[in-house]
Each structure stands twice: as C-alpha cells, then as structure tokens.
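So this one's structure.cif, mmCIF, C-alpha atoms:
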```cif
data_query
loop_
_atom_site.label_atom_id
_atom_site.label_comp_id
_atom_site.auth_asym_id
_atom_site.auth_seq_id
_atom_site.Cartn_x
_atom_site.Cartn_y
_atom_site.Cartn_z
CA MET N 23 47.52 -21.67 -23.31
CA ALA N 24 46.86 -18.60 -25.41
CA THR N 25 43.14 -18.84 -24.63
CA ILE N 26 43.85 -19.17 -20.91
CA GLU N 27 46.22 -16.20 -20.92
CA HIS N 28 43.68 -14.14 -22.89
CA ALA N 29 40.99 -14.98 -20.35
CA ARG N 30 43.32 -13.99 -17.52
CA VAL N 31 44.04 -10.65 -19.17
CA ASP N 32 40.35 -9.95 -19.75
CA GLY N 33 39.49 -10.87 -16.17
CA GLY N 34 42.23 -8.64 -14.84
CA MET N 35 41.20 -5.64 -16.95
CA ALA N 36 37.57 -6.04 -15.94
CA SER N 37 38.37 -5.35 -12.31
CA GLY N 38 39.42 -1.77 -13.00
CA ASP N 39 42.20 -1.31 -10.43
CA VAL N 40 43.91 -4.65 -11.04
CA SER N 41 45.68 -5.21 -14.33
CA PRO N 42 48.20 -7.82 -15.44
CA SER N 43 51.70 -6.47 -15.80
CA TYR N 44 54.14 -9.22 -16.72
CA THR N 45 56.97 -6.69 -16.97
CA GLU N 46 56.45 -5.47 -13.41
CA ASN N 47 56.10 -9.04 -12.14
CA LEU N 48 59.37 -9.90 -13.85
CA ILE N 49 61.07 -6.87 -12.27
CA GLY N 50 59.76 -7.80 -8.82
CA THR N 51 60.78 -11.44 -9.22
CA LEU N 52 64.30 -10.56 -10.36
CA LEU N 53 64.68 -8.04 -7.53
CA ALA N 54 63.59 -10.68 -4.98
CA ILE N 55 66.02 -13.25 -6.40
CA PHE N 56 68.87 -10.75 -6.45
CA GLY N 57 68.11 -9.57 -2.91
CA ASN N 58 68.04 -13.10 -1.51
CA LEU N 59 71.32 -13.88 -3.28
CA LEU N 60 72.89 -10.83 -1.66
CA VAL N 61 71.64 -11.93 1.77
CA SER N 62 73.14 -15.41 1.38
CA ILE N 63 76.46 -13.99 0.14
CA ALA N 64 76.51 -11.57 3.07
CA ALA N 65 75.89 -14.39 5.56
CA SER N 66 78.73 -16.42 4.05
CA ILE N 67 81.11 -13.44 4.22
CA GLN N 68 80.24 -12.81 7.86
CA LYS N 69 80.67 -16.48 8.72
CA TYR N 70 84.00 -16.46 6.89
CA SER N 71 85.13 -13.46 8.96
CA HIS N 72 84.17 -15.32 12.16
CA VAL N 73 86.13 -18.40 11.08
CA MET N 74 89.21 -16.42 10.07
CA LEU N 75 89.20 -14.39 13.29
CA ALA N 76 88.77 -17.51 15.41
CA GLY N 77 91.72 -19.16 13.64
CA THR N 78 94.13 -16.36 14.57
CA LYS N 79 95.36 -14.86 17.82
CA ASP N 80 93.63 -11.58 16.99
CA SER N 81 91.62 -10.48 20.02
CA ARG N 82 89.67 -7.75 18.23
CA PRO N 83 85.86 -7.83 18.43
CA ILE N 84 84.17 -9.21 15.34
CA TYR N 85 82.62 -5.84 14.45
CA ARG N 86 86.13 -4.45 13.95
CA SER N 87 86.61 -6.77 10.98
CA LYS N 88 86.23 -5.26 7.50
CA ALA N 89 84.78 -8.51 6.15
CA TRP N 90 82.06 -8.46 8.81
CA TRP N 91 81.07 -4.89 7.88
CA LEU N 92 81.03 -5.84 4.20
CA GLY N 93 78.64 -8.66 5.00
CA PHE N 94 76.50 -6.35 7.11
CA LEU N 95 76.21 -3.77 4.32
CA LEU N 96 75.38 -6.48 1.78
CA THR N 97 72.66 -7.75 4.14
CA LEU N 98 71.10 -4.30 4.32
CA LEU N 99 71.28 -3.94 0.54
CA GLY N 100 69.74 -7.38 0.01
CA GLU N 101 66.88 -6.80 2.45
CA ALA N 102 66.20 -3.39 0.88
CA THR N 103 66.06 -5.02 -2.57
CA VAL N 104 63.57 -7.63 -1.37
CA PHE N 105 61.53 -4.84 0.25
CA VAL N 106 61.35 -2.93 -3.05
CA SER N 107 60.37 -6.11 -4.92
CA TYR N 108 57.06 -6.20 -3.01
CA ALA N 109 56.00 -3.04 -4.85
CA PHE N 110 56.25 -4.78 -8.24
CA ALA N 111 55.28 -8.42 -7.68
CA PRO N 112 52.55 -10.19 -5.68
CA VAL N 113 53.29 -11.49 -2.18
CA ALA N 114 52.67 -15.04 -3.47
CA LEU N 115 55.73 -14.68 -5.73
CA VAL N 116 58.10 -12.74 -3.48
CA ALA N 117 57.62 -14.65 -0.20
CA PRO N 118 58.55 -18.16 -1.46
CA LEU N 119 61.63 -16.80 -3.24
CA SER N 120 63.50 -16.71 0.07
CA ALA N 121 64.32 -20.33 -0.83
CA VAL N 122 66.91 -18.82 -3.19
CA SER N 123 69.02 -17.86 -0.18
CA VAL N 124 68.82 -21.43 1.16
CA VAL N 125 70.12 -22.86 -2.13
CA ALA N 126 72.81 -20.19 -2.46
CA SER N 127 73.97 -20.64 1.14
CA SER N 128 74.36 -24.40 0.69
CA ILE N 129 76.43 -23.90 -2.48
CA LEU N 130 78.56 -21.15 -0.95
CA GLY N 131 79.08 -23.20 2.19
CA PHE N 132 80.48 -26.04 0.09
CA ILE N 133 82.68 -23.93 -2.20
CA PHE N 134 83.53 -20.72 -0.35
CA LEU N 135 83.58 -21.90 3.29
CA ARG N 136 84.85 -25.40 2.41
CA GLU N 137 82.28 -27.17 4.57
CA LYS N 138 83.29 -30.72 3.69
CA SER N 139 82.48 -34.11 5.18
CA LYS N 140 84.29 -37.39 5.54
CA PRO N 141 84.21 -39.63 2.45
CA LYS N 142 81.70 -41.94 4.15
CA GLU N 143 79.32 -39.02 4.73
CA PHE N 144 79.57 -37.58 1.23
CA LEU N 145 76.97 -39.80 -0.43
CA GLY N 146 74.53 -39.42 2.42
CA ARG N 147 74.91 -35.68 2.73
CA TYR N 148 75.92 -33.85 -0.43
CA ILE N 149 73.95 -35.94 -2.89
CA LEU N 150 70.89 -35.22 -0.75
CA VAL N 151 71.82 -31.52 -0.83
CA PHE N 152 72.14 -31.69 -4.61
CA LEU N 153 68.69 -33.29 -4.91
CA GLY N 154 67.29 -30.70 -2.51
CA CYS N 155 68.69 -27.87 -4.61
CA ALA N 156 67.24 -29.45 -7.75
CA PHE N 157 63.80 -29.78 -6.15
CA THR N 158 63.96 -26.21 -4.86
CA VAL N 159 64.91 -24.78 -8.27
CA ALA N 160 62.16 -26.82 -9.95
CA GLY N 161 59.64 -25.58 -7.39
CA ILE N 162 60.72 -21.97 -7.89
CA TYR N 163 60.29 -22.35 -11.64
CA LEU N 164 56.79 -23.77 -11.20
CA PHE N 165 55.42 -21.17 -8.79
CA VAL N 166 56.99 -18.28 -10.68
CA THR N 167 55.60 -19.55 -13.99
CA PHE N 168 52.09 -20.30 -12.73
CA GLY N 169 51.90 -17.64 -10.01
CA PRO N 170 49.47 -14.71 -10.04
CA ASN N 171 50.18 -12.08 -12.71
CA SER N 172 47.80 -9.36 -11.57
CA HIS N 173 49.22 -6.09 -10.30
CA GLU N 174 47.52 -3.30 -8.41
CA GLN N 175 48.62 0.30 -8.00
CA LEU N 176 49.16 0.54 -4.27
CA ASN N 177 47.99 4.03 -3.39
CA ALA N 178 46.45 4.96 -0.05
CA GLU N 179 42.88 4.71 -1.32
CA ASN N 180 43.28 1.12 -2.55
CA ILE N 181 45.02 0.03 0.64
CA ILE N 182 42.27 1.48 2.84
CA LYS N 183 39.72 -0.32 0.67
CA HIS N 184 41.50 -3.62 1.35
CA VAL N 185 41.88 -2.97 5.08
CA ILE N 186 38.16 -2.39 5.64
CA GLY N 187 37.08 -5.23 3.34
CA TRP N 188 35.20 -8.03 5.10
CA PRO N 189 37.50 -10.89 3.90
CA TYR N 190 40.53 -9.36 5.55
CA LEU N 191 38.64 -8.26 8.67
CA LEU N 192 37.43 -11.83 9.18
CA TYR N 193 40.93 -13.18 8.56
CA LEU N 194 42.41 -10.61 10.95
CA LEU N 195 39.92 -11.59 13.67
CA LEU N 196 40.82 -15.28 13.32
CA GLU N 197 44.53 -14.42 13.31
CA ILE N 198 44.21 -12.35 16.51
CA ILE N 199 42.35 -15.19 18.25
CA ALA N 200 44.97 -17.72 17.13
CA PHE N 201 47.80 -15.42 18.19
CA CYS N 202 46.31 -14.94 21.68
CA LEU N 203 45.85 -18.69 22.14
CA LEU N 204 49.41 -19.37 20.99
CA LEU N 205 50.69 -16.65 23.29
CA TYR N 206 48.84 -18.31 26.19
CA PHE N 207 50.46 -21.70 25.43
CA TYR N 208 53.78 -19.91 24.99
CA LYS N 209 53.55 -18.61 28.56
CA GLN N 210 52.26 -21.93 29.90
CA HIS N 211 55.18 -23.91 28.47
CA ASN N 212 57.78 -21.46 29.82
CA LYS N 213 58.70 -20.26 26.31
CA ASN N 214 60.08 -23.69 25.35
CA SER N 215 57.55 -25.03 22.83
CA PHE N 216 59.14 -25.10 19.38
CA PHE N 217 56.03 -25.17 17.22
CA VAL N 218 54.28 -22.53 19.31
CA ILE N 219 57.22 -20.15 18.84
CA ILE N 220 57.45 -20.80 15.09
CA LEU N 221 53.68 -20.40 14.65
CA LEU N 222 53.87 -17.06 16.45
CA VAL N 223 56.65 -16.00 14.07
CA ALA N 224 54.63 -17.15 11.04
CA LEU N 225 51.52 -15.23 12.12
CA LEU N 226 53.57 -12.09 12.68
CA GLY N 227 55.28 -12.65 9.33
CA SER N 228 51.94 -12.71 7.53
CA VAL N 229 51.28 -9.20 8.83
CA THR N 230 54.84 -8.14 7.95
CA VAL N 231 54.53 -9.05 4.25
CA ILE N 232 51.17 -7.27 3.92
CA THR N 233 52.43 -4.07 5.51
CA ALA N 234 55.79 -4.27 3.68
CA LYS N 235 54.03 -4.48 0.32
CA ALA N 236 51.78 -1.55 1.27
CA VAL N 237 54.67 0.65 2.44
CA SER N 238 56.89 -0.29 -0.50
CA GLY N 239 54.08 0.28 -3.00
CA MET N 240 53.19 3.70 -1.59
CA LEU N 241 56.84 4.75 -1.63
CA VAL N 242 57.19 3.74 -5.29
CA VAL N 243 53.98 5.60 -6.20
CA SER N 244 55.28 8.65 -4.31
CA ILE N 245 58.56 8.54 -6.24
CA GLN N 246 56.59 8.33 -9.48
CA GLY N 247 54.91 11.66 -8.65
CA SER N 248 51.76 10.96 -6.63
CA LEU N 249 52.68 11.66 -2.99
CA GLN N 250 51.31 9.00 -0.62
CA ILE N 251 53.34 9.51 2.54
CA SER N 252 51.02 12.30 3.67
CA TYR N 253 48.23 9.78 4.33
CA PRO N 254 47.89 8.32 7.87
CA ILE N 255 47.55 4.79 6.49
CA PHE N 256 51.18 4.93 5.36
CA TYR N 257 52.44 5.47 8.92
CA ILE N 258 50.03 2.90 10.35
CA MET N 259 51.41 0.31 7.96
CA LEU N 260 54.99 1.41 8.66
CA VAL N 261 54.59 1.06 12.44
CA CYS N 262 52.94 -2.35 12.07
CA MET N 263 55.75 -3.51 9.79
CA VAL N 264 58.52 -2.43 12.17
CA ALA N 265 56.75 -3.81 15.25
CA THR N 266 56.11 -7.23 13.72
CA VAL N 267 59.70 -7.47 12.48
CA ILE N 268 61.01 -6.72 16.00
CA PHE N 269 58.73 -9.31 17.62
CA GLN N 270 59.69 -11.90 14.99
CA ALA N 271 63.37 -11.32 15.71
CA THR N 272 62.72 -11.70 19.45
CA PHE N 273 60.90 -15.02 19.07
CA LEU N 274 63.46 -16.37 16.60
CA SER N 275 66.27 -15.40 18.95
CA GLN N 276 64.64 -17.39 21.74
CA ALA N 277 64.12 -20.37 19.43
CA SER N 278 67.75 -20.29 18.27
CA CYS N 279 68.91 -20.58 21.89
CA LEU N 280 66.85 -23.76 22.40
CA TYR N 281 66.78 -25.60 19.07
CA ASP N 282 68.97 -26.41 16.08
CA SER N 283 69.26 -23.60 13.54
CA SER N 284 68.65 -25.87 10.53
CA LEU N 285 65.37 -27.09 12.04
CA ILE N 286 64.31 -23.49 12.69
CA ALA N 287 65.22 -22.44 9.13
CA CYS N 288 63.25 -25.29 7.54
CA VAL N 289 60.04 -25.11 9.61
CA ASN N 290 60.03 -21.31 9.72
CA TYR N 291 60.40 -21.07 5.93
CA ILE N 292 57.53 -23.49 5.28
CA LEU N 293 55.09 -22.01 7.79
CA SER N 294 55.97 -18.36 7.17
CA THR N 295 55.69 -18.79 3.40
CA ALA N 296 52.35 -20.58 3.68
CA PHE N 297 50.88 -17.89 5.95
CA ALA N 298 52.31 -15.12 3.74
CA ILE N 299 50.67 -16.58 0.61
CA ILE N 300 47.32 -16.97 2.40
CA SER N 301 47.41 -13.43 3.80
CA GLY N 302 48.40 -11.96 0.42
CA ALA N 303 45.60 -13.88 -1.30
CA ILE N 304 43.05 -12.55 1.20
CA PHE N 305 44.27 -8.96 1.57
CA TYR N 306 45.34 -8.18 -2.01
CA LEU N 307 43.01 -10.71 -3.72
CA GLU N 308 45.97 -12.02 -5.71
CA PHE N 309 44.29 -15.23 -6.93
CA ASN N 310 40.89 -13.76 -7.80
CA HIS N 311 41.52 -13.88 -11.55
CA GLU N 312 43.50 -17.12 -11.68
CA ASP N 313 42.08 -20.33 -13.11
CA VAL N 314 42.14 -23.66 -11.28
CA LEU N 315 44.99 -25.07 -13.37
CA HIS N 316 47.35 -22.20 -12.54
CA ILE N 317 46.44 -22.33 -8.84
CA CYS N 318 47.06 -26.10 -8.68
CA MET N 319 50.41 -25.78 -10.47
CA PHE N 320 51.38 -22.91 -8.16
CA VAL N 321 50.57 -25.02 -5.07
CA LEU N 322 52.53 -27.93 -6.57
CA GLY N 323 55.53 -25.66 -7.14
CA CYS N 324 55.42 -24.46 -3.52
CA ALA N 325 55.17 -28.05 -2.25
CA VAL N 326 58.18 -29.14 -4.34
CA CYS N 327 60.11 -26.11 -3.10
CA PHE N 328 59.24 -26.96 0.52
CA LEU N 329 60.47 -30.51 -0.03
CA GLY N 330 63.73 -29.21 -1.48
CA VAL N 331 64.35 -26.86 1.45
CA PHE N 332 63.62 -29.71 3.87
CA MET N 333 66.17 -31.94 2.11
CA ILE N 334 68.82 -29.21 2.18
CA THR N 335 68.39 -28.29 5.84
CA LYS N 336 68.07 -31.94 6.93
CA THR N 337 71.70 -32.55 5.99
CA LYS N 338 73.09 -29.63 7.98
CA LYS N 339 75.54 -30.68 10.62
CA LYS N 340 74.37 -30.00 14.15
CA ALA N 341 76.64 -27.89 16.28
CA MET N 342 78.61 -30.10 18.66
CA GLY N 343 78.95 -28.95 22.21
CA PHE N 344 82.47 -28.52 23.55
CA GLU N 345 83.66 -31.56 25.48
CA PRO N 346 86.07 -30.77 28.34
CA TYR N 347 89.42 -32.52 28.20
CA VAL N 348 92.50 -32.78 30.40
CA THR N 349 96.10 -32.15 29.41
CA MET N 350 99.33 -32.47 31.41
CA ASP N 351 101.68 -29.53 31.84
CA MET N 352 104.98 -30.96 30.61
CA MET N 353 107.06 -28.55 32.66
CA GLN N 354 105.47 -29.15 36.07
CA GLY N 355 103.41 -32.29 35.51
CA ILE N 356 100.23 -30.54 36.64
CA PRO N 357 96.93 -31.58 35.03
CA THR N 358 95.05 -28.78 33.28
CA ILE N 359 91.33 -28.98 32.51
CA HIS N 360 90.11 -27.28 29.33
CA SER N 361 86.44 -26.36 29.34
CA LYS N 362 84.73 -24.41 26.52
CA GLY N 363 88.05 -23.19 25.23
CA TRP N 364 89.18 -21.83 28.60
CA VAL N 365 91.93 -23.30 30.74
CA VAL N 366 90.67 -24.23 34.19
CA GLN N 367 93.49 -24.93 36.63
CA PRO N 368 92.55 -27.49 39.30
CA ASP N 369 93.32 -27.01 42.97
CA TYR N 370 96.90 -27.84 43.77
CA ASN N 371 97.25 -29.75 47.02
CA GLY N 372 100.75 -31.14 46.67
CA SER N 373 99.86 -34.23 44.63
CA PHE N 374 100.76 -34.64 40.96
CA SER N 375 99.41 -38.13 40.40
CA TYR N 376 96.12 -39.54 39.13
CA GLY N 377 94.10 -42.19 40.96
CA THR N 378 95.75 -41.64 44.35
CA LEU N 379 94.70 -39.91 47.51
CA VAL N 380 95.79 -36.34 47.86
CA ASN N 381 98.76 -35.94 50.15
CA SER N 382 97.84 -33.02 52.42
CA ASP N 383 100.58 -33.33 55.01
CA ASN N 384 102.36 -30.16 53.94
CA VAL N 385 99.28 -28.13 53.06
CA ALA N 386 98.70 -24.94 55.02
CA PRO N 387 95.55 -24.94 57.25
CA THR N 388 92.43 -23.31 55.92
CA LEU N 389 90.90 -20.20 57.44
CA ALA N 390 88.26 -22.26 59.22
CA GLU N 391 90.97 -24.34 60.87
CA ALA N 392 93.11 -21.34 61.77
CA TYR N 393 90.30 -19.28 63.30
CA PRO N 394 87.66 -21.72 64.58
CA ALA N 395 86.16 -19.27 67.07
CA ALA N 396 85.33 -16.67 64.42
CA TYR N 397 83.67 -19.20 62.12
CA ALA N 398 81.71 -20.72 65.01
CA ALA N 399 80.35 -17.26 65.93
CA SER N 400 79.27 -16.62 62.33
CA ASP N 401 77.47 -19.99 62.28
CA LEU N 402 75.58 -19.09 65.48
CA LYS N 403 74.44 -15.79 63.91
CA LYS N 404 73.07 -17.64 60.88
CA ASP N 405 71.14 -20.02 63.15
#
```
Any chance you could give the structure as structure tokens?
Amino acid sequence: MATIEHARVDGGMASGDVSPSYTENLIGTLLAIFGNLLVSIAASIQKYSHVMLAGTKDSRPIYRSKAWWLGFLLTLLGEATVFVSYAFAPVALVAPLSAVSVVASSILGFIFLREKSKPKEFLGRYILVFLGCAFTVAGIYLFVTFGPNSHEQLNAENIIKHVIGWPYLLYLLLEIIAFCLLLYFYKQHNKNSFFVIILLVALLGSVTVITAKAVSGMLVVSIQGSLQISYPIFYIMLVCMVATVIFQATFLSQASCLYDSSLIACVNYILSTAFAIISGAIFYLEFNHEDVLHICMFVLGCAVCFLGVFMITKTKKKAMGFEPYVTMDMMQGIPTIHSKGWVVQPDYNGSFSYGTLVNSDNVAPTLAEAYPAAYAASDLKKD
C-alpha cells in the first residue's frame, strides 16, 4: 500500500496543477457529511411541524410555525455546507455522500417521528432498513477510502482550460443530444414517463455539480486573496448552476405529483450520482492518477451504497389515498359524507333512511317546474 500511495503522490505532483491533498479531501468529506446530516435533520423537523399542526385545531399556515422556519434555516445551512465542500473534495467523493441524508432520515423517522409498524411488519421492514443502512455505511467507507485524492486549485484559468478541453466538449455534445432526445420523448408521453423525467434530472444534475464545484472553488480562492469573481467564467458557471437547479426542481416536482416519493428518491440518487461521477471524471480529470485497484474498489463502494439506498427506500410506506366514509348525525339522523377530510352534506329530500326510495311528496318544486316557459325559451336559444 505504501508503494501504491507513493506512486499516486508522484503521479499527482507530475501534473503540475493537480496535487494530492488528503487534508483538503478530509475537510471536504466532513463538510459534505455534516451538510447532508443537517438537511436530513431539517426535513425531519419540518415534517414534525406538519404532523403537530395537523394534530391540533390550529388553522395557521405552516410557514407561521417556528419549527418549520427552524427546519428551513437548517436546510439552507446544510446545502451551503455541501456547496462549500465541493471546493475541497472531488465531485466523485461529494456527490455519493448524499446517501448520508437517506440513512439519517430513516433513523430519525424511526426515533424522532415515531414511524412505527405493526408487529407483523417489523421483521419485513425495519430489519431490511437496518441492513440497508449497514450496506450504505459500508459503501460510503469504501468509496471515501479508495476515492480520488487529487486536488486542483480552481482558479479561472484552470476552469477555462477544462471547459475548452476536447474530452469535455465531446461529453457535452453527447449530453446535449441525449437531453434533446429525452425532451422529445418527454413531450411525446405528455410528461408522464418516469424514467425520462429522472434521466432529464440526472443530466441536469451532472452540469450542476460541475458548475457548483467551479463556483465554490473560485469563491474560496477569492477569499484566500486571489480575486476570481472578476472573470466572466465565474458568472457563466453561476448562471448555469442556478438554471440547472431550477429545471431540476421543476422536473422533480412533476415527478412527485405522479409517482411515489421513495421510488423517486432511490432512482434519482442512483442515476444522479452516476452521472455526477462521470462528469466530474471527464471535466476535472479526477481519476487520471488513480490505479486500477482503487478505481475498482471505488466502483464497488458506490454499488454497495446504491444497494443500501435501494433497500432503505424500498421499505418506505406508500402514501394511502383518503377513502371517503359516511357517518350518521346523531342529532338529526342525517347521513354525512366525509371526503378528503371535508364534510360533504348530501341533498336533503325529506328521507332519512338508507336503501329506500326518496319520498318527495312534500318537496318544493324546482325552478324548472315552477317556470317551464322560461326554461323552454332558453333551450330554444341554445338550439
């Protein structure tokens, strides 16, 4: 192992701009883990505020709740921490670490939100969740241990050099062609194809991670003393990052209205992570100085992590639609239909019984019966 690490260091130093920095990789990895933990805690707090507000007679909007705002602020802090981590660690390390939030959310959902099952479902659900968490943690350990250790100072000159490099230009051309074809199928299927939507999100996400690392890196270099925000490439990358994030949110919002959220979380994590690693390897040349053993172990770690996330999300309970039910008003004996939480009062025609014909002897005549001439004239006009 010492010989391999020595060869990796020599290969990294020979490239000039790229040098191994295990300390910076460690900082970036810890920032990414901490940021994803904050995001999962924030989501649990916001869900808890929804549950508590729904369980009371409080009619305030959810954004008036202090717990909801706490979760919102923690989400911003967590996303900002993950954004900063891109400046210190390779994309191949930061992107897969979003699995940390999946593991943390499953644990918090069990402990904090008390998401429990019936005794018969416990073995089939929570043991599978436990195994999924174990696989995910093992996968994270593998890809962090054997991931790329090279680090590049992300100033404007280096980023421009990567943008105009032929590997990325070829990759960008193929990505544009694939995106246009997927967009065509997206329109043809009336925006209902699950895999087309998720593939669109993954392709946009691959651009997001590249631009996020560029913007984050230039900001860190600027803070260190070498101003980079005066270069046009900084604003080009910033606009691309914001635009792709907005389009991703739009597509994911459409998918969430049509499909189960656990299915979206699982497939989106796997595809988005895979495309992010590929784009980072092509744009930033993150695996150029890695040996075959480390690359194979890194791929194995990602595969184990994907399996763990699949096992965790597979056990999520699907949201059950509200089933209408009928209750009887004890004071008047009038049936009341409840639909989607709202009380729907049926038409009252003088009959209180079920399974019998409506007695309409004492019911007042309708407007059509009272004024037949007026309704006949309106029907003639329509004809």
- Query: Which residue gives the smallest distance to Gly323 in chain N among N:Ile162, N:Ala287, N:Leu222, N:Val242, with all atoms listed in the file counted?
  - Reply: N:Ile162
Range 53-63 of chain N environment, 10 Å, only C-alpha atoms, sequence neighbours closer than 5 positions dropped, as a PDB file with C-alpha atoms, keeping the file's coordinate frame:
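After the write, selection.pdb holds the following:
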```pdb
ATOM      1  CA  ASN N  47      56.100  -9.040 -12.140  1.00  0.00           C
ATOM      2  CA  LEU N  48      59.370  -9.900 -13.850  1.00  0.00           C
ATOM      3  CA  GLN N  68      80.240 -12.810   7.860  1.00  0.00           C
ATOM      4  CA  LYS N  69      80.670 -16.480   8.720  1.00  0.00           C
ATOM      5  CA  GLY N  93      78.640  -8.660   5.000  1.00  0.00           C
ATOM      6  CA  PHE N  94      76.500  -6.350   7.110  1.00  0.00           C
ATOM      7  CA  LEU N  95      76.210  -3.770   4.320  1.00  0.00           C
ATOM      8  CA  LEU N  96      75.380  -6.480   1.780  1.00  0.00           C
ATOM      9  CA  THR N  97      72.660  -7.750   4.140  1.00  0.00           C
ATOM     10  CA  LEU N  98      71.100  -4.300   4.320  1.00  0.00           C
ATOM     11  CA  LEU N  99      71.280  -3.940   0.540  1.00  0.00           C
ATOM     12  CA  GLY N 100      69.740  -7.380   0.010  1.00  0.00           C
ATOM     13  CA  GLU N 101      66.880  -6.800   2.450  1.00  0.00           C
ATOM     14  CA  ALA N 102      66.200  -3.390   0.880  1.00  0.00           C
ATOM     15  CA  THR N 103      66.060  -5.020  -2.570  1.00  0.00           C
ATOM     16  CA  VAL N 104      63.570  -7.630  -1.370  1.00  0.00           C
ATOM     17  CA  PHE N 105      61.530  -4.840   0.250  1.00  0.00           C
ATOM     18  CA  VAL N 106      61.350  -2.930  -3.050  1.00  0.00           C
ATOM     19  CA  SER N 107      60.370  -6.110  -4.920  1.00  0.00           C
ATOM     20  CA  TYR N 108      57.060  -6.200  -3.010  1.00  0.00           C
ATOM     21  CA  PHE N 110      56.250  -4.780  -8.240  1.00  0.00           C
ATOM     22  CA  ALA N 111      55.280  -8.420  -7.680  1.00  0.00           C
ATOM     23  CA  LEU N 115      55.730 -14.680  -5.730  1.00  0.00           C
ATOM     24  CA  VAL N 116      58.100 -12.740  -3.480  1.00  0.00           C
ATOM     25  CA  ALA N 117      57.620 -14.650  -0.200  1.00  0.00           C
ATOM     26  CA  PRO N 118      58.550 -18.160  -1.460  1.00  0.00           C
ATOM     27  CA  LEU N 119      61.630 -16.800  -3.240  1.00  0.00           C
ATOM     28  CA  SER N 120      63.500 -16.710   0.070  1.00  0.00           C
ATOM     29  CA  ALA N 121      64.320 -20.330  -0.830  1.00  0.00           C
ATOM     30  CA  VAL N 122      66.910 -18.820  -3.190  1.00  0.00           C
ATOM     31  CA  SER N 123      69.020 -17.860  -0.180  1.00  0.00           C
ATOM     32  CA  VAL N 124      68.820 -21.430   1.160  1.00  0.00           C
ATOM     33  CA  VAL N 125      70.120 -22.860  -2.130  1.00  0.00           C
ATOM     34  CA  ALA N 126      72.810 -20.190  -2.460  1.00  0.00           C
ATOM     35  CA  SER N 127      73.970 -20.640   1.140  1.00  0.00           C
ATOM     36  CA  SER N 128      74.360 -24.400   0.690  1.00  0.00           C
ATOM     37  CA  ILE N 129      76.430 -23.900  -2.480  1.00  0.00           C
ATOM     38  CA  LEU N 130      78.560 -21.150  -0.950  1.00  0.00           C
ATOM     39  CA  GLY N 131      79.080 -23.200   2.190  1.00  0.00           C
ATOM     40  CA  PHE N 134      83.530 -20.720  -0.350  1.00  0.00           C
TER      41      PHE N 134
END
```
- Would you write out, as number ranges by chain, every residue that the PyMOL selection byres ((chain N and resi 213-218) around 9) captures in this file? N: 204-205, 207-212, 219-223, 276-277, 280-281, 286, 289
How close does range 182-293 of chain N get to range 301-306 of chain N? List, as a tab-separated table, each residue of range 182-293 of chain N within 9 Å, its nearest atom pair and the distance in Å to one decimal, counting all atoms listed in the file.
```
residue	atom	partner	partner_atom	distance
N:His184	CA	N:Phe305	CA	6.0
N:Val185	CA	N:Phe305	CA	7.3
N:Gly187	CA	N:Phe305	CA	8.3
N:Pro189	CA	N:Ile304	CA	6.4
N:Tyr190	CA	N:Phe305	CA	5.5
N:Tyr193	CA	N:Ile304	CA	7.7
N:Ser228	CA	N:Ser301	CA	5.9
N:Val229	CA	N:Ser301	CA	7.6
N:Val231	CA	N:Gly302	CA	7.8
N:Ile232	CA	N:Gly302	CA	6.5
```
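Residue neighbourhood of Ala265 in chain N, excluding near-sequence residues (fewer than 3 positions): Leu226, Gly227, Val229, Thr230, Thr233, Ala234, Ile258, Met259, Leu260, Val261, Cys262, Ile268, Phe269, Gln270, Ala271 and Thr272 of chain N, at 12 Å, using all atoms listed in the file.
Note that CA of Val151 in chain N and CA of Ser71 in chain N are 24.5 Å apart.
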- Applied to the shown file, which residues does the PyMOL selection byres ((chain N and resi 168-180) around 8) return, written as a VMD selection string? chain N and resid 34 39 to 44 46 to 47 109 to 112 114 to 115 164 to 167 181 to 184 236 239 to 240 243 250 253 255 to 256 308 to 309 311 to 312 316 to 317 319 to 320
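For the atom pair formed by CA of Val321 in chain N and CA of Ile300 in chain N, the distance is 11.5 Å, given to one decimal.
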